[in-house]
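As provided, upload39.cif (mmCIF, C-alpha atoms) reads as follows.
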data_my_file
loop_
_atom_site.label_atom_id
_atom_site.label_comp_id
_atom_site.auth_asym_id
_atom_site.auth_seq_id
_atom_site.Cartn_x
_atom_site.Cartn_y
_atom_site.Cartn_z
CA MET A 16 17.09 56.62 -9.15
CA GLY A 17 18.17 53.26 -7.82
CA ALA A 18 17.92 52.57 -4.08
CA THR A 19 16.01 54.29 -1.30
CA ALA A 20 18.26 55.02 1.65
CA PHE A 21 17.70 56.67 5.03
CA ILE A 22 20.32 58.91 6.61
CA GLY A 23 20.47 59.90 10.26
CA ILE A 24 21.65 63.47 10.83
CA GLY A 25 22.79 64.84 14.17
CA ALA A 26 24.90 67.59 15.72
CA ASN A 27 25.64 68.98 19.18
CA LEU A 28 28.54 71.38 18.68
CA GLY A 29 28.28 74.94 17.39
CA ASP A 30 24.90 75.89 15.93
CA ALA A 31 23.58 72.34 15.87
CA ARG A 32 20.25 73.25 14.25
CA ALA A 33 21.98 75.19 11.44
CA ASN A 34 24.48 72.34 10.96
CA VAL A 35 21.68 69.78 10.52
CA LEU A 36 19.81 72.01 8.06
CA ASP A 37 23.01 72.72 6.13
CA ALA A 38 23.73 68.98 5.93
CA VAL A 39 20.37 68.48 4.23
CA GLU A 40 21.19 71.22 1.71
CA ARG A 41 24.60 69.67 1.05
CA LEU A 42 22.94 66.27 0.51
CA ARG A 43 20.68 67.88 -2.09
CA ARG A 44 23.77 69.00 -4.04
CA VAL A 45 25.46 65.58 -4.23
CA PRO A 46 25.22 64.07 -7.73
CA GLY A 47 23.32 60.78 -7.55
CA ILE A 48 21.29 61.76 -4.47
CA ASP A 49 17.71 63.02 -4.55
CA VAL A 50 16.39 64.02 -1.10
CA SER A 51 12.74 62.98 -1.10
CA ALA A 52 11.78 63.63 2.55
CA VAL A 53 13.25 65.13 5.71
CA SER A 54 11.80 64.66 9.17
CA SER A 55 11.18 67.41 11.67
CA LEU A 56 14.12 68.36 13.85
CA TYR A 57 14.29 66.74 17.28
CA ARG A 58 16.24 67.66 20.42
CA THR A 59 17.72 64.85 22.51
CA ALA A 60 20.18 64.51 25.36
CA PRO A 61 23.49 62.79 24.51
CA ILE A 62 23.50 59.00 24.96
CA ASP A 63 26.82 57.43 25.99
CA SER A 64 28.35 60.83 25.29
CA SER A 65 28.73 64.31 26.71
CA GLY A 66 28.18 67.89 25.68
CA ASP A 67 25.12 69.86 24.71
CA ASP A 68 21.84 68.36 23.57
CA TYR A 69 21.73 67.03 20.04
CA VAL A 70 19.58 68.20 17.18
CA ASN A 71 18.60 65.19 15.05
CA ALA A 72 16.68 64.43 11.88
CA VAL A 73 16.36 61.66 9.29
CA ALA A 74 16.39 62.11 5.52
CA ARG A 75 15.01 59.73 2.93
CA VAL A 76 16.97 59.77 -0.33
CA ALA A 77 16.77 58.06 -3.66
CA THR A 78 20.29 57.34 -4.84
CA THR A 79 22.23 55.84 -7.70
CA LEU A 80 25.32 55.69 -5.50
CA ALA A 81 26.47 52.31 -4.23
CA PRO A 82 26.40 52.00 -0.43
CA GLN A 83 30.14 52.62 0.06
CA ALA A 84 30.08 55.63 -2.30
CA LEU A 85 27.09 57.03 -0.41
CA LEU A 86 28.95 56.56 2.89
CA GLU A 87 31.97 58.39 1.45
CA ALA A 88 29.70 61.27 0.35
CA LEU A 89 28.37 61.46 3.93
CA PHE A 90 31.92 61.52 5.32
CA ALA A 91 32.81 64.35 2.91
CA ILE A 92 29.87 66.43 4.19
CA GLU A 93 30.96 65.74 7.79
CA GLN A 94 34.48 66.90 6.90
CA GLN A 95 33.11 70.12 5.39
CA HIS A 96 31.67 70.77 8.86
CA GLY A 97 34.99 70.12 10.57
CA ARG A 98 33.97 66.75 12.01
CA GLU A 99 36.65 65.23 14.19
CA ARG A 100 36.65 61.78 15.76
CA PRO A 101 38.97 62.12 18.78
CA TYR A 102 37.21 59.27 20.62
CA PHE A 103 34.12 57.07 20.35
CA ASN A 104 30.87 59.06 20.70
CA ALA A 105 32.69 62.37 21.01
CA PRO A 106 30.54 65.51 20.68
CA ARG A 107 30.27 66.46 17.01
CA THR A 108 29.65 69.34 14.69
CA LEU A 109 27.86 66.93 12.37
CA ASP A 110 27.18 63.19 12.31
CA LEU A 111 25.71 61.49 9.25
CA ASP A 112 24.83 57.80 9.51
CA LEU A 113 23.66 55.53 6.72
CA LEU A 114 20.76 53.83 8.51
CA LEU A 115 19.16 51.80 5.72
CA TYR A 116 19.97 51.13 2.08
CA GLY A 117 16.96 49.54 0.42
CA ALA A 118 16.42 46.07 1.86
CA ASP A 119 20.16 45.39 1.88
CA VAL A 120 22.02 43.90 4.81
CA ILE A 121 25.65 45.04 4.62
CA ASP A 122 28.48 44.01 6.93
CA THR A 123 31.90 45.21 5.83
CA PRO A 124 34.78 46.62 7.88
CA SER A 125 33.64 50.18 7.05
CA LEU A 126 29.84 49.85 6.85
CA THR A 127 27.09 48.03 8.72
CA VAL A 128 23.53 48.39 7.41
CA PRO A 129 21.01 48.42 8.96
CA HIS A 130 22.81 50.73 11.38
CA PRO A 131 23.49 48.49 14.40
CA ARG A 132 21.94 50.75 17.08
CA MET A 133 19.13 52.38 15.10
CA THR A 134 16.36 50.39 16.81
CA GLN A 135 17.73 51.34 20.26
CA ARG A 136 17.71 55.12 19.78
CA ALA A 137 14.66 57.38 19.95
CA PHE A 138 16.62 60.07 18.08
CA VAL A 139 16.72 57.72 15.07
CA LEU A 140 13.41 55.88 15.39
CA MET A 141 11.08 58.83 15.97
CA PRO A 142 12.24 60.92 12.98
CA LEU A 143 12.43 57.77 10.83
CA LEU A 144 8.88 56.75 11.70
CA GLU A 145 7.68 60.31 11.04
CA ILE A 146 8.68 60.07 7.36
CA ALA A 147 8.34 56.28 6.90
CA PRO A 148 5.78 54.94 9.40
CA ASP A 149 5.66 51.48 7.79
CA ILE A 150 9.41 51.04 7.25
CA VAL A 151 10.79 47.55 7.84
CA VAL A 152 14.32 47.12 9.17
CA PRO A 153 15.87 44.25 7.18
CA GLY A 154 16.37 41.23 9.39
CA LEU A 155 14.55 42.83 12.34
CA GLY A 156 11.01 43.67 11.23
CA PRO A 157 8.84 46.79 11.41
CA ALA A 158 10.68 49.78 12.92
CA ALA A 159 7.50 50.79 14.74
CA ALA A 160 7.77 47.62 16.83
CA PHE A 161 10.84 49.08 18.55
CA SER A 162 9.31 52.42 19.54
CA SER A 163 8.06 51.18 22.94
CA ALA A 164 11.62 50.10 23.83
CA VAL A 165 12.87 53.69 23.43
CA ALA A 166 9.84 55.41 24.99
CA ASP A 167 11.84 56.30 28.13
CA GLN A 168 14.43 58.28 26.11
CA PRO A 169 13.60 62.00 26.26
CA ILE A 170 13.04 63.51 22.81
CA THR A 171 11.41 66.80 21.84
CA ARG A 172 10.15 67.67 18.38
CA LEU A 173 11.28 71.19 17.53
CA GLY A 174 8.94 73.69 15.90
#

Let me see the structure of the file written as structure tokens.
Amino acid sequence: MGATAFIGIGANLGDARANVLDAVERLRRVPGIDVSAVSSLYRTAPIDSSGDDYVNAVARVATTLAPQALLEALFAIEQQHGRERPYFNAPRTLDLDLLLYGADVIDTPSLTVPHPRMTQRAFVLMPLLEIAPDIVVPGLGPAAAFSSAVADQPITRLG
């Protein structure tokens, strides 16, 4: 497989835990994607949003898909879960974010990688560091260096 990518997974509508786990299974079925690791599930309160707590995880995948094609595959999985985008940061049945794609820095109208807020969110950093403790965020440095900045954000690892 070509590139290693990291995907943030989150949900806070419906059975959020089941939605996150189903998203991982759907990722496993996408041609050109090989899921190589999935973090534990984490519970977090919404940030700049409303609704129930989120269930979050991060998956590491090896992929032959180009970044835009991978993003479109993620959108398709969101749509299968009835994802709607009525307003920015609306509660969601499923949210899949392309966090990292190899060492690439991508800035197009439809895709920004590294994900622009990934170093500011415990719900991304903690699961990411669980499966890739030495990961470097292109252009920013080691992801672990940002963990102290999100230490005040409540996050609970689920059993």

Quiz prompt | Shortest interatomic distance to Val128 in chain A - which of A:Val39, A:Leu109, A:Leu28, A:Ile22, counting only C-alpha atoms | solution =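 Among the listed residues, the smallest separation from Val128 in chain A belongs to A:Ile22.
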
Exercise. Tell me, as a list in words, which residues lie within 9 Å of Arg172 in chain A, counting all atoms listed in the file; anything in the same chain fewer than 3 positions away does not count.
Key: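 Here the answer would be Ser55, Leu56, Tyr57, Arg58 and Pro142 of chain A.
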
Quiz item: Leaving out range 91-95 of chain A and any residue of its chain fewer than 3 positions from it, which residues lie within 7 Å of it when counting only C-alpha atoms, given as a list of chain:residue names?
Solution: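 Near range 91-95 of chain A, the qualifying residues are A:Ala38, A:Arg41, A:Glu87, A:Ala88, A:Arg98, A:Leu109, A:Asp110, A:Leu111.
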
Exercise. Excluding Thr59 in chain A and any residue of its chain fewer than 2 positions from it, enumerate the residues within 8 Å of it, using all atoms listed in the file, and give them as JSON, numbers by chain.
Key: {"A": [57, 61, 68, 69, 70, 71, 138, 169, 170, 171]}

Quiz prompt | For Met133 in chain A, the nearest of the candidates A:Val73, A:Leu86, A:Leu80, A:Asn34, counting all atoms listed in the file | solution =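 Of A:Val73, A:Leu86, A:Leu80, A:Asn34, the one nearest Met133 in chain A is A:Val73, counting all atoms listed in the file.
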
Exercise. Between CA of Glu40 in chain A and CA of Ser162 in chain A, measure the distance and give it in Å to one decimal.
Key: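 One can read the CA of Glu40 in chain A to CA of Ser162 in chain A distance as 28.5 Å.
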
Exercise. To one decimal in Å, tell me the separation between CA of Thr19 in chain A and CA of Val165 in chain A.
Key: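 So the two atoms, CA of Thr19 in chain A and CA of Val165 in chain A, lie 24.9 Å apart.
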
Self-check item: Pick from A:Gly23, A:Gly117, A:Pro129, A:Gly154 nearest to Val53 in chain A, counting only C-alpha atoms
Solution: A:Gly23

Quiz prompt | Å distance separating CA of Met141 in chain A from CA of Asp112 in chain A, one decimal place | solution =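 Separation between CA of Met141 in chain A and CA of Asp112 in chain A: 15.2 Å.
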
Quiz prompt | Residues within 10 Å of His130 in chain A, all atoms listed in the file, excluding chain neighbours under 2 positions, as a ChimeraX atom specification | solution = /A:22-23,112-116,120-122,126-128,132-134,139,152

Quiz item: Quick one: residues within 12 Å of Ala164 in chain A, all atoms listed in the file counted, chain neighbours fewer than 3 positions away excluded, as a PyMOL selection string?
Solution: chain A and resi 133-137+140-141+158-161+167-168

Practice problem: Could you tell me which residues the PyMOL selection byres ((chain A and resi 75) around 9) returns for this structure, as a VMD selection string? | Solution: chain A and resid 19 to 22 49 to 54 73 to 74 76 to 77 143 146 to 147

Quiz item: Taking all atoms listed in the file into account, which of A:Ile24, A:Asp37, A:Leu173, A:Pro131 comes nearest His96 in chain A?
Solution: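 The answer is A:Asp37, which sits nearest to His96 in chain A.
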
Exercise. For each of A:Pro153, A:Gly97, A:Gly17, A:Gly29, take the minimum atom-to-atom distance to Ala81 in chain A, counting all atoms listed in the file, then give the residue where this is smallest.
Key: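 Going through A:Pro153, A:Gly97, A:Gly17, A:Gly29 one by one, the smallest distance to Ala81 in chain A is for A:Gly17.
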
Would you compute an axis-aligned box for range 62-71 of chain A, covering every atom listed for it in the file with 4 Å of margin on each side, and report centre and edge lengths in Å to one decimal as JSON?
{"center_x": 23.7, "center_y": 63.6, "center_z": 20.9, "size_x": 18.1, "size_y": 20.4, "size_z": 19.7}

Written record: range 19-173 of chain A, C-alpha atoms, as a short mmCIF file (atom, residue, chain, number, x, y, z; two decimals), in the first residue's frame:
data_model
loop_
_atom_site.label_atom_id
_atom_site.label_comp_id
_atom_site.auth_asym_id
_atom_site.auth_seq_id
_atom_site.Cartn_x
_atom_site.Cartn_y
_atom_site.Cartn_z
CA THR A 19 -0.08 5.96 5.72
CA ALA A 20 -3.00 8.16 6.71
CA PHE A 21 -4.74 8.88 10.00
CA ILE A 22 -8.50 9.36 10.20
CA GLY A 23 -10.37 10.98 13.07
CA ILE A 24 -13.73 9.36 13.82
CA GLY A 25 -16.43 10.92 15.96
CA ALA A 26 -20.17 10.83 16.61
CA ASN A 27 -22.65 12.29 19.09
CA LEU A 28 -26.08 11.50 17.64
CA GLY A 29 -27.88 8.18 17.91
CA ASP A 30 -25.79 5.29 19.20
CA ALA A 31 -22.49 7.15 18.92
CA ARG A 32 -20.35 4.21 20.06
CA ALA A 33 -21.97 1.86 17.51
CA ASN A 34 -21.61 4.51 14.78
CA VAL A 35 -17.87 4.87 15.43
CA LEU A 36 -17.34 1.10 15.44
CA ASP A 37 -19.41 0.72 12.26
CA ALA A 38 -17.34 3.43 10.57
CA VAL A 39 -14.20 1.39 11.25
CA GLU A 40 -15.83 -1.69 9.72
CA ARG A 41 -16.91 0.32 6.67
CA LEU A 42 -13.35 1.65 6.30
CA ARG A 43 -12.11 -1.94 6.27
CA ARG A 44 -14.36 -2.66 3.26
CA VAL A 45 -13.17 0.23 1.08
CA PRO A 46 -10.93 -0.98 -1.77
CA GLY A 47 -7.49 0.63 -1.44
CA ILE A 48 -7.70 1.03 2.34
CA ASP A 49 -6.09 -1.31 4.87
CA VAL A 50 -6.91 -0.41 8.49
CA SER A 51 -3.73 -1.16 10.44
CA ALA A 52 -4.62 0.24 13.89
CA VAL A 53 -7.58 1.74 15.73
CA SER A 54 -7.33 3.59 19.02
CA SER A 55 -9.50 3.00 22.04
CA LEU A 56 -12.79 4.86 22.10
CA TYR A 57 -12.86 8.13 24.02
CA ARG A 58 -15.76 10.20 25.39
CA THR A 59 -15.52 13.99 25.18
CA ALA A 60 -17.83 16.94 25.65
CA PRO A 61 -18.67 18.92 22.48
CA ILE A 62 -16.28 21.79 21.69
CA ASP A 63 -17.79 24.82 19.94
CA SER A 64 -20.90 22.69 19.48
CA SER A 65 -23.90 21.32 21.32
CA GLY A 66 -25.62 18.03 21.96
CA ASP A 67 -24.56 14.86 23.70
CA ASP A 68 -20.98 13.89 24.45
CA TYR A 69 -18.95 12.59 21.54
CA VAL A 70 -17.40 9.19 21.13
CA ASN A 71 -14.08 9.55 19.29
CA ALA A 72 -11.31 7.36 17.92
CA VAL A 73 -8.45 7.55 15.42
CA ALA A 74 -7.64 4.94 12.78
CA ARG A 75 -4.32 4.43 11.02
CA VAL A 76 -4.70 3.19 7.45
CA ALA A 77 -2.40 2.25 4.64
CA THR A 78 -3.95 3.42 1.39
CA THR A 79 -3.41 3.47 -2.33
CA LEU A 80 -6.07 6.16 -2.67
CA ALA A 81 -4.98 9.70 -3.45
CA PRO A 82 -5.88 12.21 -0.72
CA GLN A 83 -8.98 13.57 -2.48
CA ALA A 84 -10.23 10.06 -3.28
CA LEU A 85 -9.71 9.06 0.36
CA LEU A 86 -11.66 12.14 1.48
CA GLU A 87 -14.50 11.21 -0.89
CA ALA A 88 -14.55 7.67 0.55
CA LEU A 89 -14.86 9.19 4.04
CA PHE A 90 -17.73 11.43 2.89
CA ALA A 91 -19.49 8.37 1.41
CA ILE A 92 -19.28 6.56 4.78
CA GLU A 93 -20.65 9.67 6.53
CA GLN A 94 -23.55 9.74 4.06
CA GLN A 95 -24.30 6.07 4.75
CA HIS A 96 -24.82 7.17 8.36
CA GLY A 97 -27.16 9.99 7.37
CA ARG A 98 -24.64 12.76 8.06
CA GLU A 99 -26.11 16.20 7.56
CA ARG A 100 -24.28 19.52 7.69
CA PRO A 101 -27.00 22.06 8.57
CA TYR A 102 -24.46 24.43 10.16
CA PHE A 103 -20.81 24.53 11.22
CA ASN A 104 -20.03 22.09 14.06
CA ALA A 105 -23.58 20.74 14.14
CA PRO A 106 -24.11 17.54 16.14
CA ARG A 107 -23.45 14.54 13.91
CA THR A 108 -24.25 10.90 13.44
CA LEU A 109 -20.73 10.42 12.14
CA ASP A 110 -17.75 12.66 11.41
CA LEU A 111 -14.68 11.36 9.58
CA ASP A 112 -11.70 13.70 9.22
CA LEU A 113 -8.54 13.08 7.24
CA LEU A 114 -5.98 14.17 9.83
CA LEU A 115 -2.68 13.21 8.18
CA TYR A 116 -1.69 11.77 4.81
CA GLY A 117 1.93 10.63 4.99
CA ALA A 118 4.17 13.67 5.36
CA ASP A 119 2.07 15.64 2.87
CA VAL A 120 0.92 19.19 3.43
CA ILE A 121 -2.25 19.75 1.39
CA ASP A 122 -4.18 23.00 1.03
CA THR A 123 -6.97 22.87 -1.52
CA PRO A 124 -10.50 24.31 -1.38
CA SER A 125 -11.85 20.91 -0.25
CA LEU A 126 -8.99 19.50 1.86
CA THR A 127 -6.47 20.79 4.38
CA VAL A 128 -3.89 18.32 5.72
CA PRO A 129 -2.67 18.24 8.41
CA HIS A 130 -6.17 18.86 9.75
CA PRO A 131 -6.05 22.51 10.88
CA ARG A 132 -7.32 21.99 14.46
CA MET A 133 -5.89 18.54 15.22
CA THR A 134 -3.21 19.84 17.59
CA GLN A 135 -5.81 21.84 19.55
CA ARG A 136 -8.18 18.96 20.33
CA ALA A 137 -7.67 16.30 23.00
CA PHE A 138 -10.23 14.11 21.21
CA VAL A 139 -7.82 13.91 18.26
CA LEU A 140 -4.43 14.04 19.98
CA MET A 141 -5.01 11.45 22.71
CA PRO A 142 -6.28 8.66 20.43
CA LEU A 143 -3.66 9.57 17.81
CA LEU A 144 -0.83 9.38 20.33
CA GLU A 145 -2.19 6.07 21.64
CA ILE A 146 -1.59 4.38 18.26
CA ALA A 147 1.31 6.56 17.02
CA PRO A 148 3.19 7.98 20.02
CA ASP A 149 6.08 9.31 17.91
CA ILE A 150 3.98 10.78 15.07
CA VAL A 151 5.19 14.07 13.63
CA VAL A 152 2.68 16.59 12.30
CA PRO A 153 4.16 17.95 9.05
CA GLY A 154 5.16 21.56 9.47
CA LEU A 155 4.44 21.54 13.21
CA GLY A 156 6.62 18.88 14.83
CA PRO A 157 5.95 15.99 17.21
CA ALA A 158 2.25 15.61 18.06
CA ALA A 159 3.18 14.76 21.65
CA ALA A 160 4.48 18.31 22.08
CA PHE A 161 0.89 19.59 21.87
CA SER A 162 -0.60 17.30 24.53
CA SER A 163 0.05 19.73 27.42
CA ALA A 164 -1.91 22.43 25.56
CA VAL A 165 -5.04 20.23 25.55
CA ALA A 166 -4.60 18.80 29.06
CA ASP A 167 -7.51 20.91 30.39
CA GLN A 168 -9.98 19.36 27.90
CA PRO A 169 -11.95 16.58 29.62
CA ILE A 170 -11.54 13.22 27.89
CA THR A 171 -12.33 9.72 29.15
CA ARG A 172 -11.01 6.51 27.65
CA LEU A 173 -13.87 4.04 27.37
#
